[in-house]
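Peer 1: Here's a structure for you.
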Amino acid sequence: MSDKPVTDERHTAKMAKKKAARDKIMAGKTVEKGLIIVHTGAGKGKSSSGFGMILRCVAHGMPCAVVQFIKGAWDTGERRLLTTHFGELCQFHAMGEGFTWETQDRARDISAARAGWEKAKELIRDPKIRMVLLDEINIALRYEYLPLDEVLGFLQSEKPDMTHVVLTGRNAAEGLIEMADLVTEMTLVKHPFRSGIKAQVGVEF
C-alpha cells in the first residue's frame with residue numbers, strides 16, 4: 001500500500017484511468033437477450049430480490065408477471081402492492097397453498113405446483129410480458145412436485161428470446177444453475193429467527 005497521500009489530482013487521474021478501462025469493457029457488451037436468472041441459497045433475500053426486479057419492470061412500464069409457488073397462501077406486502085396499484089402492468093398469481101409441512105398432503109402440493117407451472121408457461125409464452133418471476137419454484141423442483149427436465153426443456157425451447165425469467169428458492173438444481181445466465185447465492189450469516197424472533201411485517205412479508 002502506497003504511503004503517498006491521496007490528493008485531488010491523484011484521485012482524478014486514477015478515476016479517469018478506471019473510467020477509460022470500464023468504457024472499453026462496456027463497448028464490447030452489445031448482446032441483448034432475455035435472461036434466465038436464479039436466486040438461491042440459505043440466506044434471506046431471494047424472493048425480495050426477485051420482487052425488486054419486478055418493481056423495476058413496473059417502473060419502466062414493462063409488462064411482467066408473478067407466479068408464486070409454495071407460499072402463495074401468504075398475504076404479503078408485495079402481493080398487496082402489485083395487485084392494488086399495478087395490476088395493469090403486473091399479473092400476480094398466488095398458486096401455492098403453504099409449505100409442505102403445513103399442507104401435509106403431497107398429492108395436493110403436486111396439484112398446486114402443476115397448476116402454477118401451467119400458468120407460468122402461459123405467461124412466459126406471451127411475448128408482451130417482459131419478465132416472469134417464478135417465486136419459490138426451486139422448492140417445488142427440489143421436492144419433485146414438478147419434473148426438472150420438463151421445466152428446463154420448456155425454458156430452453158419455448159421462452160421468447162427477450163423474456164426474462166427469474167426462479168427463486170433455496171437448493172436450486174444443478175441443471176438449472178448450468179442453464180441460467182445469472183445465478184446469485186444468498187449466504188446466511190445471521191438470522192433473527194435463530195434468536196427466537198418471529199417473522200416481521202415489512203421484512204419477511
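Ordered as shown in the C-alpha cells, chains take letters A, B, and onward, while each chain numbers its residues from 1 and ligands are numbered from 1 in the order shown.
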Near Val132 in chain A, within 8 Å and counting only C-alpha atoms, which residues show up once chain neighbours fewer than 4 positions away are dropped, as an NGL selection string?

Peer 2: :A and (64-67 or 120 or 123-124 or 163-166)

Peer 1: Fewer than 6 positions away in the same chain doesn't count, so skip those; otherwise give me all residues within 10 Å of Tyr145 in chain A, counting only C-alpha atoms, as number ranges by chain.

Peer 2: A: 106-114, 137, 139

Peer 1: Any idea what's packed within 6 Å of range 38-47 of chain A, counting only C-alpha atoms, ignoring anything in its chain fewer than 3 positions away? Could you give it as a list of chain:residue names?

Peer 2: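 Contacts, with the query itself left out: A:Gly50, A:Val166, A:Leu167, A:Thr168, A:Gly169, A:Arg170, A:Ala172, A:Val183, A:Thr184, A:Glu185, A:Met186, A:Thr187, A:Leu188.
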
Peer 1: As a PyMOL selection string, please: every residue in range 83-193 of chain A that a backbone DSSP assignment puts in alpha helix (DSSP H).

Peer 2: chain A and resi 83-85+100-103+106-125+137-142+148-157+174-179

Peer 1: Write out, as a tab-separated table (two decimals), in the first residue's frame, the residues just selected, with N, CA and C atoms.

Peer 2:
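To be explicit, this is the file written out as part_3.tsv:
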```tsv
chain	number	residue	atom	x	y	z
A	83	THR	N	-51.00	-5.99	-6.79
A	83	THR	CA	-52.38	-6.20	-7.22
A	83	THR	C	-53.23	-4.96	-7.04
A	84	THR	N	-52.92	-4.15	-6.03
A	84	THR	CA	-53.73	-2.96	-5.75
A	84	THR	C	-53.39	-1.79	-6.65
A	85	HIS	N	-52.10	-1.60	-6.93
A	85	HIS	CA	-51.67	-0.39	-7.64
A	85	HIS	C	-51.14	-0.63	-9.05
A	100	THR	N	-44.79	-27.41	2.63
A	100	THR	CA	-45.20	-28.81	2.63
A	100	THR	C	-45.52	-29.32	4.03
A	101	TRP	N	-44.84	-28.78	5.06
A	101	TRP	CA	-45.14	-29.23	6.42
A	101	TRP	C	-46.46	-28.67	6.93
A	102	GLU	N	-47.00	-27.67	6.23
A	102	GLU	CA	-48.30	-27.12	6.60
A	102	GLU	C	-49.43	-27.89	5.93
A	103	THR	N	-49.29	-28.17	4.64
A	103	THR	CA	-50.35	-28.88	3.93
A	103	THR	C	-50.38	-30.35	4.31
A	106	ARG	N	-49.03	-34.48	-0.04
A	106	ARG	CA	-48.15	-34.42	-1.20
A	106	ARG	C	-48.94	-34.30	-2.51
A	107	ALA	N	-50.03	-35.06	-2.62
A	107	ALA	CA	-50.82	-35.00	-3.85
A	107	ALA	C	-51.37	-33.60	-4.07
A	108	ARG	N	-51.80	-32.97	-3.00
A	108	ARG	CA	-52.32	-31.60	-3.10
A	108	ARG	C	-51.21	-30.63	-3.47
A	109	ASP	N	-50.03	-30.82	-2.90
A	109	ASP	CA	-48.90	-29.96	-3.22
A	109	ASP	C	-48.50	-30.11	-4.69
A	110	ILE	N	-48.50	-31.34	-5.19
A	110	ILE	CA	-48.16	-31.57	-6.59
A	110	ILE	C	-49.19	-30.92	-7.50
A	111	SER	N	-50.46	-31.05	-7.14
A	111	SER	CA	-51.52	-30.44	-7.95
A	111	SER	C	-51.38	-28.92	-8.00
A	112	ALA	N	-51.08	-28.31	-6.86
A	112	ALA	CA	-50.91	-26.85	-6.81
A	112	ALA	C	-49.70	-26.42	-7.63
A	113	ALA	N	-48.60	-27.18	-7.53
A	113	ALA	CA	-47.39	-26.86	-8.29
A	113	ALA	C	-47.65	-27.00	-9.78
A	114	ARG	N	-48.37	-28.03	-10.17
A	114	ARG	CA	-48.68	-28.23	-11.59
A	114	ARG	C	-49.54	-27.09	-12.12
A	115	ALA	N	-50.53	-26.66	-11.34
A	115	ALA	CA	-51.37	-25.54	-11.76
A	115	ALA	C	-50.53	-24.27	-11.91
A	116	GLY	N	-49.60	-24.07	-10.98
A	116	GLY	CA	-48.71	-22.91	-11.05
A	116	GLY	C	-47.83	-22.96	-12.28
A	117	TRP	N	-47.31	-24.14	-12.60
A	117	TRP	CA	-46.43	-24.28	-13.77
A	117	TRP	C	-47.19	-24.08	-15.07
A	118	GLU	N	-48.42	-24.56	-15.15
A	118	GLU	CA	-49.22	-24.35	-16.36
A	118	GLU	C	-49.48	-22.85	-16.57
A	119	LYS	N	-49.77	-22.14	-15.48
A	119	LYS	CA	-49.95	-20.69	-15.58
A	119	LYS	C	-48.64	-20.01	-15.98
A	120	ALA	N	-47.53	-20.48	-15.40
A	120	ALA	CA	-46.22	-19.90	-15.73
A	120	ALA	C	-45.90	-20.07	-17.22
A	121	LYS	N	-46.17	-21.23	-17.76
A	121	LYS	CA	-45.91	-21.47	-19.18
A	121	LYS	C	-46.73	-20.53	-20.05
A	122	GLU	N	-47.99	-20.36	-19.69
A	122	GLU	CA	-48.86	-19.44	-20.44
A	122	GLU	C	-48.30	-18.02	-20.43
A	123	LEU	N	-47.84	-17.56	-19.29
A	123	LEU	CA	-47.31	-16.20	-19.16
A	123	LEU	C	-45.98	-16.05	-19.90
A	124	ILE	N	-45.10	-17.05	-19.77
A	124	ILE	CA	-43.79	-16.97	-20.42
A	124	ILE	C	-43.95	-16.98	-21.94
A	125	ARG	N	-44.90	-17.72	-22.43
A	125	ARG	CA	-45.11	-17.78	-23.89
A	125	ARG	C	-45.59	-16.46	-24.47
A	137	ILE	N	-40.15	-21.59	-6.98
A	137	ILE	CA	-40.26	-22.79	-7.82
A	137	ILE	C	-39.14	-23.78	-7.53
A	138	ASN	N	-38.00	-23.30	-7.05
A	138	ASN	CA	-36.90	-24.23	-6.74
A	138	ASN	C	-37.30	-25.23	-5.66
A	139	ILE	N	-38.18	-24.81	-4.74
A	139	ILE	CA	-38.67	-25.73	-3.71
A	139	ILE	C	-39.52	-26.81	-4.35
A	140	ALA	N	-40.41	-26.39	-5.26
A	140	ALA	CA	-41.26	-27.37	-5.94
A	140	ALA	C	-40.43	-28.37	-6.74
A	141	LEU	N	-39.34	-27.89	-7.34
A	141	LEU	CA	-38.46	-28.79	-8.09
A	141	LEU	C	-37.69	-29.72	-7.14
A	142	ARG	N	-37.26	-29.18	-6.02
A	142	ARG	CA	-36.49	-29.99	-5.07
A	142	ARG	C	-37.32	-31.15	-4.54
A	148	LEU	N	-37.95	-31.69	-13.28
A	148	LEU	CA	-36.91	-30.73	-13.64
A	148	LEU	C	-36.69	-30.70	-15.15
A	149	ASP	N	-36.64	-31.86	-15.78
A	149	ASP	CA	-36.38	-31.91	-17.22
A	149	ASP	C	-37.44	-31.15	-18.01
A	150	GLU	N	-38.68	-31.22	-17.55
A	150	GLU	CA	-39.75	-30.51	-18.24
A	150	GLU	C	-39.56	-29.00	-18.14
A	151	VAL	N	-39.21	-28.52	-16.95
A	151	VAL	CA	-39.01	-27.08	-16.75
A	151	VAL	C	-37.82	-26.60	-17.57
A	152	LEU	N	-36.71	-27.32	-17.53
A	152	LEU	CA	-35.52	-26.93	-18.29
A	152	LEU	C	-35.80	-26.96	-19.80
A	153	GLY	N	-36.47	-28.00	-20.24
A	153	GLY	CA	-36.77	-28.12	-21.65
A	153	GLY	C	-37.65	-26.99	-22.15
A	154	PHE	N	-38.63	-26.61	-21.35
A	154	PHE	CA	-39.51	-25.52	-21.74
A	154	PHE	C	-38.75	-24.20	-21.82
A	155	LEU	N	-37.94	-23.92	-20.82
A	155	LEU	CA	-37.18	-22.66	-20.82
A	155	LEU	C	-36.23	-22.60	-22.01
A	156	GLN	N	-35.68	-23.73	-22.36
A	156	GLN	CA	-34.72	-23.76	-23.46
A	156	GLN	C	-35.40	-23.64	-24.82
A	157	SER	N	-36.58	-24.21	-24.98
A	157	SER	CA	-37.18	-24.29	-26.31
A	157	SER	C	-38.33	-23.32	-26.55
A	174	GLU	N	-28.76	-28.36	-10.00
A	174	GLU	CA	-27.53	-28.12	-10.76
A	174	GLU	C	-27.83	-27.86	-12.24
A	175	GLY	N	-28.79	-28.59	-12.80
A	175	GLY	CA	-29.13	-28.39	-14.19
A	175	GLY	C	-29.64	-27.00	-14.47
A	176	LEU	N	-30.42	-26.47	-13.54
A	176	LEU	CA	-30.93	-25.11	-13.68
A	176	LEU	C	-29.81	-24.10	-13.56
A	177	ILE	N	-28.91	-24.31	-12.62
A	177	ILE	CA	-27.77	-23.42	-12.44
A	177	ILE	C	-26.91	-23.39	-13.71
A	178	GLU	N	-26.70	-24.54	-14.31
A	178	GLU	CA	-25.90	-24.61	-15.53
A	178	GLU	C	-26.57	-23.87	-16.69
A	179	MET	N	-27.89	-23.94	-16.78
A	179	MET	CA	-28.61	-23.30	-17.87
A	179	MET	C	-28.71	-21.80	-17.69
```

Peer 1: Mind listing the strand (DSSP E or B) residues of range 120-198 of chain A, per DSSP on the backbone, as a PDB file with C-alpha atoms, in the first residue's frame?

Peer 2:
```
ATOM      1  CA  MET A 131     -40.363 -10.680 -17.098  1.00  0.00           C
ATOM      2  CA  VAL A 132     -41.910 -13.602 -15.228  1.00  0.00           C
ATOM      3  CA  LEU A 133     -40.972 -14.267 -11.603  1.00  0.00           C
ATOM      4  CA  LEU A 134     -41.395 -17.898 -10.538  1.00  0.00           C
ATOM      5  CA  ASP A 135     -41.193 -17.402  -6.792  1.00  0.00           C
ATOM      6  CA  HIS A 164     -36.552 -12.622 -18.567  1.00  0.00           C
ATOM      7  CA  VAL A 165     -37.468 -15.486 -16.214  1.00  0.00           C
ATOM      8  CA  VAL A 166     -36.486 -15.319 -12.535  1.00  0.00           C
ATOM      9  CA  LEU A 167     -36.558 -18.509 -10.452  1.00  0.00           C
ATOM     10  CA  THR A 168     -36.184 -18.285  -6.679  1.00  0.00           C
ATOM     11  CA  LEU A 182     -27.260 -15.182 -13.888  1.00  0.00           C
ATOM     12  CA  VAL A 183     -27.070 -17.067 -10.597  1.00  0.00           C
ATOM     13  CA  THR A 184     -26.864 -15.490  -7.160  1.00  0.00           C
ATOM     14  CA  GLU A 185     -26.465 -17.497  -3.961  1.00  0.00           C
TER      15      GLU A 185
END
```

Peer 1: Identify which of the residues A:Pro127, A:Lys14, A:Leu89, A:Gly77 lies closest to Gly61 in chain A, counting only C-alpha atoms when measuring atom-to-atom distances.

Peer 2: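 Closest to Gly61 in chain A, using only C-alpha atoms: A:Leu89.
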
Peer 1: Just how far from CA of Glu204 in chain A is CA of Lys71 in chain A, in Å to one decimal?

Peer 2: 12.0 Å
